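Structure file input.pdb (PDB, C-alpha atoms) is printed below.
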```
ATOM      1  CA  MET A   1       7.134  27.962  -5.758  1.00  0.00           C
ATOM      2  CA  ASP A   2      10.419  26.450  -6.945  1.00  0.00           C
ATOM      3  CA  PHE A   3       9.170  23.028  -5.853  1.00  0.00           C
ATOM      4  CA  LEU A   4       6.026  23.311  -8.009  1.00  0.00           C
ATOM      5  CA  PHE A   5       8.002  24.670 -10.941  1.00  0.00           C
ATOM      6  CA  PHE A   6      10.516  21.810 -10.737  1.00  0.00           C
ATOM      7  CA  TRP A   7       7.886  19.055 -10.530  1.00  0.00           C
ATOM      8  CA  GLY A   8       5.808  20.756 -13.232  1.00  0.00           C
ATOM      9  CA  LEU A   9       8.825  20.613 -15.552  1.00  0.00           C
ATOM     10  CA  VAL A  10       9.491  16.980 -14.626  1.00  0.00           C
ATOM     11  CA  ILE A  11       5.882  16.030 -15.404  1.00  0.00           C
ATOM     12  CA  LEU A  12       5.938  17.909 -18.714  1.00  0.00           C
ATOM     13  CA  LEU A  13       9.235  16.223 -19.628  1.00  0.00           C
ATOM     14  CA  VAL A  14       7.816  12.763 -18.852  1.00  0.00           C
ATOM     15  CA  ILE A  15       4.690  13.492 -20.920  1.00  0.00           C
ATOM     16  CA  ALA A  16       6.847  14.739 -23.823  1.00  0.00           C
ATOM     17  CA  ILE A  17       9.024  11.617 -23.723  1.00  0.00           C
ATOM     18  CA  VAL A  18       5.992   9.293 -23.639  1.00  0.00           C
ATOM     19  CA  VAL A  19       4.330  11.112 -26.557  1.00  0.00           C
ATOM     20  CA  ALA A  20       7.601  11.066 -28.513  1.00  0.00           C
ATOM     21  CA  LEU A  21       8.033   7.312 -27.954  1.00  0.00           C
ATOM     22  CA  ILE A  22       4.474   6.589 -29.065  1.00  0.00           C
ATOM     23  CA  TYR A  23       4.876   8.788 -32.138  1.00  0.00           C
ATOM     24  CA  ALA A  24       8.246   7.202 -32.976  1.00  0.00           C
ATOM     25  CA  SER A  25       6.737   3.722 -32.642  1.00  0.00           C
ATOM     26  CA  TYR A  26       4.298   4.707 -35.392  1.00  0.00           C
ATOM     27  CA  TRP A  27       6.535   6.893 -37.551  1.00  0.00           C
ATOM     28  CA  LEU A  28       9.603   4.610 -37.847  1.00  0.00           C
ATOM     29  CA  PRO A  29       7.745   1.503 -39.124  1.00  0.00           C
ATOM     30  CA  LYS A  30       5.675   3.736 -41.433  1.00  0.00           C
ATOM     31  CA  ARG A  31       8.871   5.146 -42.992  1.00  0.00           C
ATOM     32  CA  LEU A  32      10.073   1.583 -43.522  1.00  0.00           C
ATOM     33  CA  GLY A  33       6.844   0.677 -45.336  1.00  0.00           C
ATOM     34  CA  LYS A  34       5.265  -1.193 -42.390  1.00  0.00           C
ATOM     35  CA  ARG A  35       2.314   1.078 -41.640  1.00  0.00           C
ATOM     36  CA  LYS A  36       0.219  -1.668 -39.964  1.00  0.00           C
ATOM     37  CA  LEU A  37       3.101  -2.575 -37.665  1.00  0.00           C
ATOM     38  CA  GLY A  38       3.420   1.093 -36.709  1.00  0.00           C
ATOM     39  CA  ARG A  39      -0.276   1.275 -35.888  1.00  0.00           C
ATOM     40  CA  TRP A  40      -0.053  -1.881 -33.769  1.00  0.00           C
ATOM     41  CA  LEU A  41       3.039  -0.734 -31.873  1.00  0.00           C
ATOM     42  CA  SER A  42       1.699   2.757 -31.180  1.00  0.00           C
ATOM     43  CA  GLY A  43      -1.696   1.308 -30.231  1.00  0.00           C
ATOM     44  CA  ILE A  44      -0.151  -1.123 -27.750  1.00  0.00           C
ATOM     45  CA  LEU A  45       2.031   1.607 -26.201  1.00  0.00           C
ATOM     46  CA  THR A  46      -0.912   4.021 -25.990  1.00  0.00           C
ATOM     47  CA  THR A  47      -3.097   1.353 -24.349  1.00  0.00           C
ATOM     48  CA  GLY A  48      -0.343   0.575 -21.841  1.00  0.00           C
ATOM     49  CA  VAL A  49       0.170   4.244 -20.940  1.00  0.00           C
ATOM     50  CA  VAL A  50      -3.579   4.869 -20.565  1.00  0.00           C
ATOM     51  CA  ALA A  51      -3.990   1.715 -18.442  1.00  0.00           C
ATOM     52  CA  LEU A  52      -1.066   2.736 -16.203  1.00  0.00           C
ATOM     53  CA  PHE A  53      -2.514   6.237 -15.834  1.00  0.00           C
ATOM     54  CA  PHE A  54      -5.981   4.986 -14.874  1.00  0.00           C
ATOM     55  CA  ALA A  55      -4.586   2.332 -12.521  1.00  0.00           C
ATOM     56  CA  THR A  56      -2.622   5.052 -10.724  1.00  0.00           C
ATOM     57  CA  VAL A  57      -5.400   7.645 -10.618  1.00  0.00           C
ATOM     58  CA  PHE A  58      -8.136   5.196  -9.648  1.00  0.00           C
ATOM     59  CA  GLU A  59      -6.028   3.015  -7.340  1.00  0.00           C
ATOM     60  CA  ASP A  60      -8.437   3.407  -4.417  1.00  0.00           C
ATOM     61  CA  GLN A  61     -11.471   2.486  -6.526  1.00  0.00           C
ATOM     62  CA  LEU A  62      -9.706  -0.615  -7.849  1.00  0.00           C
ATOM     63  CA  PHE A  63      -9.114  -2.040  -4.367  1.00  0.00           C
ATOM     64  CA  PHE A  64     -11.467  -4.940  -3.618  1.00  0.00           C
ATOM     65  CA  LYS A  65     -12.301  -7.302  -0.758  1.00  0.00           C
ATOM     66  CA  THR A  66      -9.915  -9.908  -2.163  1.00  0.00           C
ATOM     67  CA  ASP A  67      -7.076  -7.366  -1.985  1.00  0.00           C
ATOM     68  CA  ALA A  68      -7.936  -6.636   1.659  1.00  0.00           C
ATOM     69  CA  ALA A  69      -7.967 -10.356   2.484  1.00  0.00           C
ATOM     70  CA  GLU A  70      -4.601 -10.756   0.740  1.00  0.00           C
ATOM     71  CA  ARG A  71      -3.042  -7.911   2.763  1.00  0.00           C
ATOM     72  CA  LEU A  72      -4.313  -9.444   6.005  1.00  0.00           C
ATOM     73  CA  GLY A  73      -3.105 -12.876   4.887  1.00  0.00           C
ATOM     74  CA  GLU A  74       0.453 -11.502   4.771  1.00  0.00           C
ATOM     75  CA  HIS A  75       0.180 -11.392   8.577  1.00  0.00           C
ATOM     76  CA  HIS A  76      -1.604 -14.749   8.956  1.00  0.00           C
ATOM     77  CA  ILE A  77      -4.957 -13.089   9.675  1.00  0.00           C
ATOM     78  CA  GLU A  78      -7.858 -14.769   7.950  1.00  0.00           C
ATOM     79  CA  LEU A  79     -11.445 -13.555   7.805  1.00  0.00           C
ATOM     80  CA  LYS A  80     -13.679 -16.613   7.556  1.00  0.00           C
ATOM     81  CA  ASP A  81     -17.006 -14.741   7.454  1.00  0.00           C
ATOM     82  CA  ASP A  82     -18.174 -12.181   4.937  1.00  0.00           C
ATOM     83  CA  PHE A  83     -16.988  -8.624   5.580  1.00  0.00           C
ATOM     84  CA  LYS A  84     -17.600  -5.184   4.134  1.00  0.00           C
ATOM     85  CA  LEU A  85     -14.980  -2.762   2.841  1.00  0.00           C
ATOM     86  CA  VAL A  86     -16.038   0.468   4.582  1.00  0.00           C
ATOM     87  CA  SER A  87     -13.302   2.782   3.310  1.00  0.00           C
ATOM     88  CA  ASN A  88     -10.001   2.704   1.477  1.00  0.00           C
ATOM     89  CA  LYS A  89      -7.454   5.494   1.128  1.00  0.00           C
ATOM     90  CA  SER A  90      -3.919   5.549  -0.159  1.00  0.00           C
ATOM     91  CA  GLY A  91      -1.503   8.144  -1.348  1.00  0.00           C
ATOM     92  CA  GLY A  92       1.688   9.973  -0.830  1.00  0.00           C
ATOM     93  CA  PHE A  93       4.601  10.657  -3.072  1.00  0.00           C
ATOM     94  CA  LEU A  94       7.687  10.205  -0.933  1.00  0.00           C
ATOM     95  CA  ASP A  95       5.855   8.824   2.119  1.00  0.00           C
ATOM     96  CA  TYR A  96       3.286   6.272   0.974  1.00  0.00           C
ATOM     97  CA  TYR A  97       0.367   5.214   3.151  1.00  0.00           C
ATOM     98  CA  HIS A  98      -2.544   2.822   2.667  1.00  0.00           C
ATOM     99  CA  ILE A  99      -5.431   2.634   5.112  1.00  0.00           C
ATOM    100  CA  PHE A 100      -8.581   0.575   4.825  1.00  0.00           C
ATOM    101  CA  VAL A 101     -11.404  -0.107   7.254  1.00  0.00           C
ATOM    102  CA  LEU A 102     -13.416  -3.329   7.280  1.00  0.00           C
ATOM    103  CA  ALA A 103     -16.701  -4.156   9.003  1.00  0.00           C
ATOM    104  CA  ILE A 104     -16.181  -7.729  10.231  1.00  0.00           C
ATOM    105  CA  SER A 105     -18.327 -10.323  11.956  1.00  0.00           C
ATOM    106  CA  PRO A 106     -18.231 -10.750  15.753  1.00  0.00           C
ATOM    107  CA  GLU A 107     -16.787 -14.255  15.277  1.00  0.00           C
ATOM    108  CA  ASP A 108     -13.898 -12.949  13.134  1.00  0.00           C
ATOM    109  CA  LYS A 109     -13.326 -10.141  15.641  1.00  0.00           C
ATOM    110  CA  ASN A 110     -13.063 -12.614  18.525  1.00  0.00           C
ATOM    111  CA  ARG A 111     -10.799 -14.954  16.564  1.00  0.00           C
ATOM    112  CA  ILE A 112      -8.386 -12.113  15.663  1.00  0.00           C
ATOM    113  CA  ILE A 113      -8.395 -10.793  19.231  1.00  0.00           C
ATOM    114  CA  ASN A 114      -7.567 -14.299  20.474  1.00  0.00           C
ATOM    115  CA  HIS A 115      -4.750 -14.480  17.894  1.00  0.00           C
ATOM    116  CA  ILE A 116      -3.304 -11.189  19.215  1.00  0.00           C
ATOM    117  CA  VAL A 117      -3.716 -12.090  22.897  1.00  0.00           C
ATOM    118  CA  ALA A 118      -2.171 -15.556  22.412  1.00  0.00           C
ATOM    119  CA  ALA A 119       1.014 -14.140  20.865  1.00  0.00           C
ATOM    120  CA  ASP A 120       4.250 -14.639  22.818  1.00  0.00           C
ATOM    121  CA  ASN A 121       5.040 -10.909  22.838  1.00  0.00           C
ATOM    122  CA  TYR A 122       1.566  -9.730  23.886  1.00  0.00           C
ATOM    123  CA  GLN A 123       1.460  -6.731  26.242  1.00  0.00           C
ATOM    124  CA  ASP A 124      -1.740  -6.234  28.242  1.00  0.00           C
ATOM    125  CA  ASN A 125      -1.780  -2.432  28.460  1.00  0.00           C
ATOM    126  CA  GLU A 126       0.725  -0.598  26.327  1.00  0.00           C
ATOM    127  CA  VAL A 127       1.328   3.118  26.535  1.00  0.00           C
ATOM    128  CA  GLU A 128      -0.761   5.189  24.145  1.00  0.00           C
ATOM    129  CA  MET A 129       2.146   6.497  22.069  1.00  0.00           C
ATOM    130  CA  PHE A 130       3.830   3.115  21.449  1.00  0.00           C
ATOM    131  CA  ASP A 131       6.034   3.033  18.338  1.00  0.00           C
ATOM    132  CA  ILE A 132       7.498  -0.302  17.257  1.00  0.00           C
ATOM    133  CA  ARG A 133      10.163   1.471  15.190  1.00  0.00           C
ATOM    134  CA  ASN A 134      11.932   2.934  18.245  1.00  0.00           C
ATOM    135  CA  GLY A 135      15.357   1.374  18.684  1.00  0.00           C
ATOM    136  CA  LYS A 136      15.059  -0.695  15.487  1.00  0.00           C
ATOM    137  CA  PRO A 137      17.358  -0.362  12.461  1.00  0.00           C
ATOM    138  CA  ARG A 138      16.016   1.511   9.452  1.00  0.00           C
ATOM    139  CA  TYR A 139      17.869  -0.689   6.956  1.00  0.00           C
ATOM    140  CA  SER A 140      18.839  -4.337   6.983  1.00  0.00           C
ATOM    141  CA  GLU A 141      20.364  -6.625   4.391  1.00  0.00           C
ATOM    142  CA  LYS A 142      18.815  -9.642   6.141  1.00  0.00           C
ATOM    143  CA  GLY A 143      15.128 -10.546   6.190  1.00  0.00           C
ATOM    144  CA  THR A 144      14.688  -9.064   9.663  1.00  0.00           C
ATOM    145  CA  SER A 145      11.210  -8.213  10.963  1.00  0.00           C
ATOM    146  CA  PHE A 146       9.677  -7.216  14.284  1.00  0.00           C
ATOM    147  CA  THR A 147       6.152  -7.668  15.619  1.00  0.00           C
ATOM    148  CA  ALA A 148       4.237  -6.291  18.579  1.00  0.00           C
ATOM    149  CA  ASN A 149       0.881  -7.418  19.949  1.00  0.00           C
ATOM    150  CA  TYR A 150      -0.837  -5.266  22.545  1.00  0.00           C
ATOM    151  CA  GLN A 151      -3.987  -3.485  23.553  1.00  0.00           C
ATOM    152  CA  ASP A 152      -4.679   0.097  24.449  1.00  0.00           C
ATOM    153  CA  GLU A 153      -7.806   1.758  25.744  1.00  0.00           C
ATOM    154  CA  TRP A 154      -9.712   1.455  22.444  1.00  0.00           C
ATOM    155  CA  ASN A 155      -8.139  -1.333  20.354  1.00  0.00           C
ATOM    156  CA  TYR A 156      -6.348  -4.646  20.168  1.00  0.00           C
ATOM    157  CA  ILE A 157      -3.342  -4.005  17.951  1.00  0.00           C
ATOM    158  CA  TYR A 158      -0.894  -6.041  15.903  1.00  0.00           C
ATOM    159  CA  GLU A 159       2.130  -4.193  14.484  1.00  0.00           C
ATOM    160  CA  PHE A 160       4.705  -5.374  11.993  1.00  0.00           C
ATOM    161  CA  TYR A 161       7.938  -3.572  11.126  1.00  0.00           C
ATOM    162  CA  GLN A 162      10.470  -4.696   8.541  1.00  0.00           C
ATOM    163  CA  PRO A 163      13.609  -2.743   7.709  1.00  0.00           C
ATOM    164  CA  ASN A 164      14.475  -3.240   4.054  1.00  0.00           C
ATOM    165  CA  LYS A 165      17.693  -2.953   2.059  1.00  0.00           C
ATOM    166  CA  ARG A 166      19.354   0.436   1.792  1.00  0.00           C
ATOM    167  CA  GLY A 167      17.492   2.496  -0.799  1.00  0.00           C
ATOM    168  CA  TYR A 168      14.109   0.960   0.080  1.00  0.00           C
ATOM    169  CA  THR A 169      11.788   2.359   2.706  1.00  0.00           C
ATOM    170  CA  PRO A 170      10.939   0.194   5.732  1.00  0.00           C
ATOM    171  CA  THR A 171       7.523  -1.478   5.884  1.00  0.00           C
ATOM    172  CA  TRP A 172       5.333  -0.663   8.865  1.00  0.00           C
ATOM    173  CA  ASP A 173       1.915  -2.344   9.122  1.00  0.00           C
ATOM    174  CA  ARG A 174      -0.601  -1.802  11.913  1.00  0.00           C
ATOM    175  CA  ILE A 175      -3.822  -3.793  12.293  1.00  0.00           C
ATOM    176  CA  SER A 176      -6.294  -2.550  14.907  1.00  0.00           C
ATOM    177  CA  ILE A 177      -9.431  -4.297  16.126  1.00  0.00           C
ATOM    178  CA  SER A 178     -11.865  -1.945  17.824  1.00  0.00           C
ATOM    179  CA  LYS A 179     -13.073  -2.938  21.289  1.00  0.00           C
ATOM    180  CA  ALA A 180     -16.374  -1.070  20.857  1.00  0.00           C
ATOM    181  CA  GLU A 181     -17.287  -1.989  17.271  1.00  0.00           C
ATOM    182  CA  ASN A 182     -16.813  -4.842  14.823  1.00  0.00           C
ATOM    183  CA  THR A 183     -14.239  -2.975  12.746  1.00  0.00           C
ATOM    184  CA  LEU A 184     -10.716  -3.715  11.605  1.00  0.00           C
ATOM    185  CA  VAL A 185      -8.363  -0.929  10.512  1.00  0.00           C
ATOM    186  CA  TYR A 186      -5.312  -1.789   8.412  1.00  0.00           C
ATOM    187  CA  GLU A 187      -2.554   0.789   8.007  1.00  0.00           C
ATOM    188  CA  ARG A 188       0.594   0.449   5.912  1.00  0.00           C
ATOM    189  CA  ILE A 189       3.125   3.253   6.040  1.00  0.00           C
ATOM    190  CA  LEU A 190       6.247   3.332   3.917  1.00  0.00           C
ATOM    191  CA  ASP A 191       8.387   6.257   5.009  1.00  0.00           C
TER     192      ASP A 191
END
```
Would you write the structure of this file as structure tokens?
Amino acid sequence: MDFLFFWGLVILLVIAIVVALIYASYWLPKRLGKRKLGRWLSGILTTGVVALFFATVFEDQLFFKTDAAERLGEHHIELKDDFKLVSNKSGGFLDYYHIFVLAISPEDKNRIINHIVAADNYQDNEVEMFDIRNGKPRYSEKGTSFTANYQDEWNYIYEFYQPNKRGYTPTWDRISISKAENTLVYERILD
């Protein structure tokens, strides 16, 4: 109950500050005889706040195929054929996650599987509860990153883990290619 009360107060305080800033951006120029300037400033601030609100609330609906291709491109995975965005979910306040599922062509599936299998650190049959983060540092001042390529009973999997600077959560990406279907699952977890 205290948790909800605290965050309720924080949200109300943020809303009050935003409304006060928008009102002040109108009221101050108006008092100085610049009513049009006040309207423009408050209109721009209001538009920015509304756009930020909608971009946050509708983040999942504003995720497109180009965004999926860009995320995969970060790991040098390219889809050459057309694909379908089956689902997309993201969320979390302190622990952020983003998961999307793509229906891909058999040719893209085979090319990605070959990319995983050809990797230097490929493991043929990894244990089911493999976690790339085990034994790795949580924070690093250098641009350190770790990758793992393996298969389990159901998927071919590529994992990427990057510890970030102190104060920033590590990046953990997991890309799975189903053995049974032509699907790709991308997971990003920032914890």
Find the distance between atom CA of A:Asp67 and atom CA of A:Asn88 and write it in Å to one decimal.
11.0 Å
From the set A:Phe6, A:Phe54, A:Tyr156, A:Tyr161, which residue has the shortest atom-to-atom contact distance to A:Asn110, counting all atoms listed in the file?
A:Tyr156
Name the residues that the PyMOL selection byres ((chain A and resi 86) around 6) pulls out of this structure, and write them as a ChimeraX atom specification.
/A:84-85,87,101-102
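Here atom CA of A:Tyr139 and atom CA of A:Asn121 stand 22.8 Å from one another.
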Determine the axis-aligned bounding box of all atoms of stretch 50-62 of chain A present in the file, pad each side by 8 Å, and express its centre and edge lengths in Å to one decimal place as AutoDock Vina command-line options.
```
--center_x -6.3 --center_y 3.5 --center_z -12.5 --size_x 26.4 --size_y 24.3 --size_z 32.1
```
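With distances taken over all atoms listed in the file, A:Lys179 is the one residue among A:Arg35, A:Arg174, A:Lys179, A:Arg133 lying closest to A:Trp154.
Closest approach to A:Pro170 from the set A:Tyr158, A:Gly91, A:Tyr96, A:Glu153 is made by A:Tyr96, with distances taken over all atoms listed in the file.
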Record the distance separating atom CA of A:His115 and atom CA of A:Glu78, expressed in Å with one decimal.
10.4 Å
What does the PyMOL selection byres ((chain A and resi 26) around 7) select in this file, as an MDAnalysis selection string?
chainID A and resid 22:25 27:30 38:39 41:42
File dump, residues just selected, C-alpha atoms, as a CSV table (one decimal), in the frame of the given file:
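Once everything was written out, this is selection_28.csv:
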```csv
chain,number,residue,atom,x,y,z
A,22,ILE,CA,4.5,6.6,-29.1
A,23,TYR,CA,4.9,8.8,-32.1
A,24,ALA,CA,8.2,7.2,-33.0
A,25,SER,CA,6.7,3.7,-32.6
A,27,TRP,CA,6.5,6.9,-37.6
A,28,LEU,CA,9.6,4.6,-37.8
A,29,PRO,CA,7.7,1.5,-39.1
A,30,LYS,CA,5.7,3.7,-41.4
A,38,GLY,CA,3.4,1.1,-36.7
A,39,ARG,CA,-0.3,1.3,-35.9
A,41,LEU,CA,3.0,-0.7,-31.9
A,42,SER,CA,1.7,2.8,-31.2
```
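Applied to the shown file, the PyMOL selection byres ((chain A and resi 79) around 8) selects the residues Ala69, Ile77, Glu78, Lys80, Asp81, Asp82, Phe83, Ile104 and Asp108 of chain A.
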Cut-off 9 Å: closest stretch 47-157 of chain A/stretch 187-191 of chain A atom pairs per residue, using all atoms listed in the file, as a Markdown table:
```
| residue | atom | partner | partner_atom | distance |
| --- | --- | --- | --- | --- |
| A:Leu94 | CA | A:Asp191 | CA | 7.2 |
| A:Asp95 | CA | A:Asp191 | CA | 4.6 |
| A:Tyr96 | CA | A:Leu190 | CA | 5.1 |
| A:Tyr97 | CA | A:Ile189 | CA | 4.4 |
| A:His98 | CA | A:Arg188 | CA | 5.1 |
| A:Ile99 | CA | A:Glu187 | CA | 4.5 |
| A:Phe100 | CA | A:Glu187 | CA | 6.8 |
| A:Val101 | CA | A:Glu187 | CA | 8.9 |
```
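Minimum atom-to-atom distance to A:Arg111, evaluated using all atoms listed in the file, belongs to A:Ile177 out of A:Leu37, A:Asp2, A:Ile177, A:Ser140.
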Please list as a VMD selection string every residue within 12 Å of A:Lys142, counting all atoms listed in the file and excluding residues in the same chain fewer than 5 positions away.
chain A and resid 137 162 to 166
